[in-house]
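Okay, coords-v3.txt now, which holds compact mmCIF, C-alpha atoms:
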# COMPACT_ATOMS: atom_id res chain seq x y z
CA GLY V 1 109.04 32.61 157.48
CA ALA V 2 107.14 29.43 156.65
CA LYS V 3 105.18 28.19 159.62
CA THR V 4 105.52 24.44 160.26
CA LYS V 5 102.31 22.60 160.93
CA ALA V 6 101.95 21.05 164.36
CA ARG V 7 102.51 17.31 164.09
CA VAL V 8 101.68 14.49 166.48
CA THR V 9 104.05 11.50 166.68
CA VAL V 10 102.68 8.01 166.09
CA ARG V 11 103.32 7.21 169.74
CA GLU V 12 101.46 10.31 170.91
CA LEU V 13 98.56 9.56 168.55
CA MET V 14 98.31 5.97 169.85
CA HIS V 15 98.39 7.11 173.46
CA ARG V 16 95.74 9.78 172.88
CA ALA V 17 93.43 8.02 170.42
CA GLY V 18 94.40 4.32 170.40
CA THR V 19 90.89 3.10 171.19
CA ALA V 20 89.30 5.20 168.44
CA LEU V 21 91.95 4.05 165.94
CA HIS V 22 91.27 0.46 166.91
CA GLU V 23 87.58 0.90 166.16
CA TYR V 24 88.50 2.31 162.77
CA CYS V 25 91.19 -0.29 162.05
CA PRO V 26 90.67 -3.47 164.14
CA CYS V 27 93.78 -5.30 162.85
CA PHE V 28 97.29 -4.00 163.65
CA LEU V 29 100.32 -5.43 161.86
CA MET V 30 103.38 -4.66 163.98
CA THR V 31 106.90 -5.78 164.81
CA PRO V 32 107.68 -6.55 168.48
CA SER V 33 109.70 -3.34 168.84
CA SER V 34 106.85 -1.25 167.36
CA VAL V 35 104.46 -2.64 169.97
CA ALA V 36 106.85 -1.47 172.69
CA ASP V 37 107.49 1.90 171.01
CA TYR V 38 103.96 2.96 170.12
CA LEU V 39 101.30 1.23 172.20
CA PRO V 40 100.27 2.27 175.70
CA PRO V 41 100.48 -0.59 178.25
CA ASP V 42 96.70 -0.92 178.56
CA HIS V 43 96.01 -1.19 174.80
CA SER V 44 94.60 -4.70 174.36
CA PHE V 45 93.73 -7.13 171.55
CA ASP V 46 91.26 -10.02 171.41
CA LEU V 47 93.69 -12.16 169.44
CA LEU V 48 97.44 -12.12 168.87
CA LEU V 49 98.81 -13.97 165.84
CA ILE V 50 102.59 -14.48 165.85
CA ASP V 51 103.91 -15.37 162.41
CA GLU V 52 107.43 -16.70 161.66
CA ALA V 53 107.54 -17.64 165.35
CA SER V 54 110.72 -19.72 164.98
CA GLN V 55 112.56 -16.43 164.42
CA MET V 56 111.19 -14.60 167.46
CA LEU V 57 112.76 -14.71 170.90
CA VAL V 58 110.44 -15.26 173.87
CA GLU V 59 111.28 -11.90 175.41
CA GLU V 60 110.55 -10.08 172.14
CA SER V 61 107.00 -11.41 172.12
CA ALA V 62 106.26 -10.56 175.77
CA GLY V 63 104.92 -7.04 175.08
CA SER V 64 102.34 -8.35 172.62
CA LEU V 65 101.42 -11.38 174.75
CA LEU V 66 100.65 -9.23 177.77
CA ARG V 67 98.26 -7.12 175.70
CA SER V 68 96.27 -10.04 174.25
CA LYS V 69 93.48 -12.35 175.41
CA GLN V 70 94.09 -15.20 172.96
CA LEU V 71 97.16 -16.46 171.13
CA VAL V 72 97.90 -18.27 167.86
CA VAL V 73 101.54 -19.07 167.09
CA VAL V 74 102.61 -19.99 163.56
CA GLY V 75 106.09 -21.18 162.65
CA ASP V 76 108.35 -23.96 161.47
CA ARG V 77 110.76 -25.69 163.84
CA GLN V 78 112.94 -26.76 160.94
CA GLN V 79 113.84 -23.16 160.14
CA MET V 80 116.81 -21.31 161.58
CA PRO V 81 116.58 -20.29 165.26
CA PRO V 82 116.29 -16.59 166.18
CA THR V 83 119.29 -14.38 165.56
CA ARG V 84 120.41 -11.92 168.21
CA TYR V 85 121.46 -8.57 166.81
CA MET V 86 122.54 -7.44 170.25
CA VAL V 87 123.91 -9.93 172.73
CA SER V 88 122.76 -9.32 176.27
CA THR V 89 125.40 -8.32 178.79
CA LEU V 90 123.32 -9.81 181.60
CA ASP V 91 124.65 -12.90 183.32
CA VAL V 92 122.33 -15.70 182.34
CA PRO V 93 122.61 -19.05 184.17
CA GLU V 94 124.29 -21.72 182.02
CA ASP V 95 121.27 -24.02 181.97
CA GLU V 96 118.92 -21.32 180.72
CA ASP V 97 118.29 -21.38 176.99
CA LYS V 98 119.03 -17.83 175.90
CA ASP V 99 117.91 -18.29 172.31
CA GLU V 100 114.60 -20.08 172.83
CA SER V 101 112.00 -19.04 170.29
CA ILE V 102 108.39 -18.29 171.15
CA LEU V 103 107.51 -21.26 168.91
CA GLU V 104 109.45 -23.68 171.15
CA ARG V 105 108.12 -22.17 174.34
CA SER V 106 104.49 -22.10 173.20
CA SER V 107 104.63 -25.64 171.78
CA LEU V 108 105.36 -26.76 175.33
CA ALA V 109 102.75 -24.51 176.91
CA LEU V 110 99.76 -24.36 174.57
CA PRO V 111 97.09 -27.09 174.68
CA SER V 112 96.52 -27.72 170.97
CA LYS V 113 98.89 -28.01 168.01
CA ARG V 114 98.29 -28.58 164.33
CA ARG V 115 100.67 -29.19 161.48
CA LEU V 116 99.82 -27.50 158.19
CA LEU V 117 100.23 -30.21 155.58
CA TYR V 118 99.78 -28.63 152.17
CA HIS V 119 102.92 -27.50 150.41
CA TYR V 120 102.09 -25.49 147.31
CA ARG V 121 105.17 -23.39 146.60
CA SER V 122 107.23 -25.78 144.48
CA GLU V 123 106.45 -26.03 140.80
CA ASP V 124 108.23 -29.37 140.79
CA GLU V 125 107.77 -31.97 143.54
CA ASN V 126 111.49 -32.76 143.56
CA LEU V 127 112.20 -29.35 145.09
CA ILE V 128 110.54 -30.29 148.38
CA ALA V 129 110.90 -34.10 148.28
CA PHE V 130 114.17 -34.24 150.24
CA SER V 131 112.94 -31.88 153.00
CA ASN V 132 109.62 -33.70 153.16
CA HIS V 133 111.38 -37.01 153.72
CA GLU V 134 114.14 -35.82 156.06
CA PHE V 135 112.35 -33.19 158.16
CA TYR V 136 108.57 -33.51 157.83
CA ASP V 137 108.08 -37.29 158.26
CA ASP V 138 106.81 -37.57 154.66
CA GLU V 139 103.59 -35.90 155.83
CA LEU V 140 103.59 -32.90 153.49
CA LEU V 141 101.03 -33.11 150.72
CA THR V 142 102.58 -31.74 147.55
CA ILE V 143 100.91 -30.86 144.29
CA PRO V 144 101.89 -33.61 141.81
CA ASN V 145 103.78 -32.52 138.72
CA LEU V 146 101.39 -31.84 135.90
CA ARG V 147 104.08 -32.48 133.33
CA GLU V 148 107.31 -34.41 133.28
CA ASP V 149 109.53 -31.49 132.35
CA PRO V 150 113.23 -32.42 132.55
CA THR V 151 114.19 -28.72 132.70
CA LEU V 152 112.40 -28.19 136.04
CA GLY V 153 113.31 -29.36 139.51
CA VAL V 154 116.67 -30.29 140.99
CA ASN V 155 119.29 -32.49 139.36
CA LEU V 156 122.38 -33.86 141.01
CA ILE V 157 125.26 -34.39 138.64
CA ARG V 158 128.17 -36.27 140.16
CA ALA V 159 131.27 -34.72 138.66
CA GLY V 160 133.64 -37.00 140.58
CA GLY V 161 135.81 -34.05 141.49
CA LEU V 162 138.25 -33.83 144.36
CA TYR V 163 138.97 -30.65 146.31
CA GLU V 164 142.70 -30.00 146.78
CA SER V 165 143.50 -26.57 148.14
CA GLY V 166 147.27 -27.11 148.02
CA LYS V 167 149.68 -27.23 150.94
CA ASP V 168 149.36 -23.54 151.78
CA GLY V 169 145.69 -23.42 150.77
CA SER V 170 146.34 -21.21 147.76
CA SER V 171 145.85 -23.57 144.80
CA ARG V 172 144.59 -21.66 141.76
CA ASP V 173 142.82 -24.79 140.51
CA PRO V 174 141.34 -26.38 143.65
CA ASN V 175 138.92 -28.75 141.91
CA PRO V 176 139.84 -29.14 138.21
CA VAL V 177 137.40 -31.99 137.42
CA GLU V 178 134.43 -30.08 138.81
CA ALA V 179 135.49 -26.83 137.10
CA GLU V 180 135.63 -28.62 133.71
CA ARG V 181 132.20 -30.17 134.28
CA VAL V 182 130.66 -26.85 135.34
CA VAL V 183 131.96 -25.12 132.21
CA ASP V 184 130.66 -27.95 130.02
CA LEU V 185 127.23 -27.55 131.63
CA ILE V 186 127.33 -23.77 131.06
CA LEU V 187 128.08 -24.28 127.36
CA GLU V 188 125.39 -26.97 127.13
CA HIS V 189 122.83 -24.59 128.65
CA MET V 190 123.74 -21.79 126.26
CA GLU V 191 123.24 -24.11 123.31
CA LYS V 192 119.99 -25.72 124.49
CA PHE V 193 118.30 -22.71 126.12
CA PRO V 194 119.59 -19.50 124.52
CA LYS V 195 116.56 -17.55 125.84
CA ARG V 196 116.94 -18.71 129.47
CA SER V 197 119.25 -16.77 131.76
CA LEU V 198 121.80 -18.69 133.82
CA GLY V 199 123.23 -18.28 137.31
CA VAL V 200 126.33 -20.20 138.43
CA ALA V 201 127.23 -20.53 142.11
CA VAL V 202 130.39 -22.20 143.43
CA LEU V 203 131.63 -22.52 146.99
CA ASN V 204 134.72 -20.33 147.01
CA LEU V 205 136.39 -17.49 145.18
CA ARG V 206 139.32 -19.48 143.77
CA GLN V 207 137.01 -21.99 142.16
CA ALA V 208 134.85 -19.17 140.82
CA THR V 209 137.91 -17.53 139.25
CA ARG V 210 139.03 -20.85 137.76
CA VAL V 211 135.58 -21.53 136.27
CA GLU V 212 135.63 -18.07 134.68
CA GLU V 213 139.10 -18.58 133.20
CA LEU V 214 138.18 -22.00 131.86
CA PHE V 215 134.93 -20.68 130.41
CA GLU V 216 136.78 -17.94 128.56
CA GLU V 217 139.26 -20.49 127.16
CA LYS V 218 136.57 -22.88 125.96
CA ALA V 219 134.17 -20.19 124.77
CA SER V 220 136.54 -18.14 122.62
CA GLY V 221 135.35 -18.11 119.04
CA ASN V 222 132.14 -19.99 119.90
CA SER V 223 129.25 -18.25 118.11
CA VAL V 224 126.64 -19.82 120.44
CA VAL V 225 128.32 -18.21 123.45
CA THR V 226 128.67 -14.86 121.70
CA GLU V 227 124.96 -14.86 120.81
CA PHE V 228 123.95 -15.84 124.34
CA LEU V 229 126.10 -13.12 125.95
CA ASN V 230 124.88 -10.49 123.49
CA TYR V 231 121.24 -11.46 124.09
CA TRP V 232 121.58 -11.03 127.87
CA GLN V 233 124.05 -8.12 127.77
CA GLU V 234 121.65 -5.28 128.59
CA THR V 235 119.64 -7.09 131.29
CA PRO V 236 120.05 -7.06 135.09

Could you rewrite the structure in this file as structure tokens?
Amino acid sequence: GAKTKARVTVRELMHRAGTALHEYCPCFLMTPSSVADYLPPDHSFDLLLIDEASQMLVEESAGSLLRSKQLVVVGDRQQMPPTRYMVSTLDVPEDEDKDESILERSSLALPSKRRLLYHYRSEDENLIAFSNHEFYDDELLTIPNLREDPTLGVNLIRAGGLYESGKDGSSRDPNPVEAERVVDLILEHMEKFPKRSLGVAVLNLRQATRVEELFEEKASGNSVVTEFLNYWQETP
């Protein structure tokens, strides 16, 4: 029969030859659980960099912290706190913050802090303007728009709708004014930008169904709609 080659697990390899591997590859990119799974307790690093620190619980980072001489923590307090996939069955005192992130803990403990000020991800300044004002003390430096393009950015259109779910919560037309306006905007898009795909998101299933029904009513026999749908038919 075929003889299987002897294989060494990652853990075994790290325990036997971790130092040599480190010489060969000085930078390790690992999740907290990988550190615990694969590295021997005495394997050490000159510098630990924790990214997305707002998402990491203090206890998850302990294994890496104990193996490192220096620490840099990078994260954003305005992001969501860590999520627990498994809730501990241990009795934790009421006053103890179970979901404290390593970002919160280290911002209290570390001597120096710096806010990164350049925001370069938004093609249009309007995309970050609200967050900049409400959450970042208007300190973010954004790249100014190079062109005034009305088709980019975020637009708020006040439809003046009113949500009425009905007495038993089962209304088939919970927000008729908004549904009409959404369908008008869909048709407007198809006419103006036939080569731009369109995504429509509404807040609940009944409204989604109503928008679809209304769209089919208004779109029947409309050649612009037919062309748009045919053009995008075979795409994801």

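Going from CA of Met190 in chain V to CA of Leu156 in chain V covers 19.1 Å.
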
Might you pull out every residue within 7 Å of Pro174 in chain V, with all atoms listed in the file counted and same-chain residues fewer than 5 positions away left off, and present them as a PyMOL selection string?
chain V and resi 163-165+207

Exercise: range 63-66 of chain V partners within 10 Å, all atoms listed in the file, chain neighbours under 2 positions left out, as a PyMOL selection string
chain V and resi 30-36+39+41-45+47-50+58-61+68-71

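The space separating CA of Arg206 in chain V from CA of Leu127 in chain V comes to 28.9 Å.
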
Find, counting all atoms listed in the file, the residue in V:Ile157, V:Glu178, V:Leu187, V:Glu123 that gets nearest to Thr226 in chain V.
V:Leu187

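CA of Val72 in chain V sits 21.8 Å away from CA of Glu23 in chain V.
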
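Between Asp99 in chain V and the residues V:Val73, V:Ala62, V:Met56, V:Ala219, the shortest atom-to-atom distance, using all atoms listed in the file, involves V:Met56.
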
Closest-contact table, range 149-225 of chain V side, partner range 229-236 of chain V, 10 Å, counting only C-alpha atoms, as a tab-separated table:
residue	atom	partner	partner_atom	distance
V:Met190	CA	V:Leu229	CA	9.0
V:Pro194	CA	V:Tyr231	CA	8.2
V:Lys195	CA	V:Tyr231	CA	7.9
V:Arg196	CA	V:Trp232	CA	9.1
V:Ser197	CA	V:Trp232	CA	7.3
V:Leu198	CA	V:Trp232	CA	9.7
V:Ser223	CA	V:Leu229	CA	9.9
V:Val224	CA	V:Leu229	CA	8.7
V:Val225	CA	V:Leu229	CA	6.1

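Proximity to Phe130 in chain V was assessed for V:Gly153, V:Gly221, V:Gly161, V:Pro40 counting all atoms listed in the file; the smallest distance is recorded for V:Gly153.
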
Would you mind telling me which residue in V:Asp37, V:Asp173, V:Glu216, V:Asp76 lies nearest to Asp51 in chain V when using all atoms listed in the file?
V:Asp76

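Comparing V:Lys218, V:His119, V:Arg16, V:His189 by their smallest distance to Pro144 in chain V, the closest is V:His119 (using all atoms listed in the file).
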
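The nearest approach to Glu125 in chain V among the residues V:Leu103, V:Ile143, V:Ile186, V:Leu29, with all atoms listed in the file taken into account, belongs to V:Ile143.
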
Where's the centre, and what are the edge lengths in Å to one decimal, of a box along x, y and z enclosing all listed atoms of range 59-76 of chain V padded 8 Å per side, as lines of an AutoDock Vina configuration file?
center_x = 102.4
center_y = -15.5
center_z = 169.6
size_x = 33.8
size_y = 32.9
size_z = 32.3
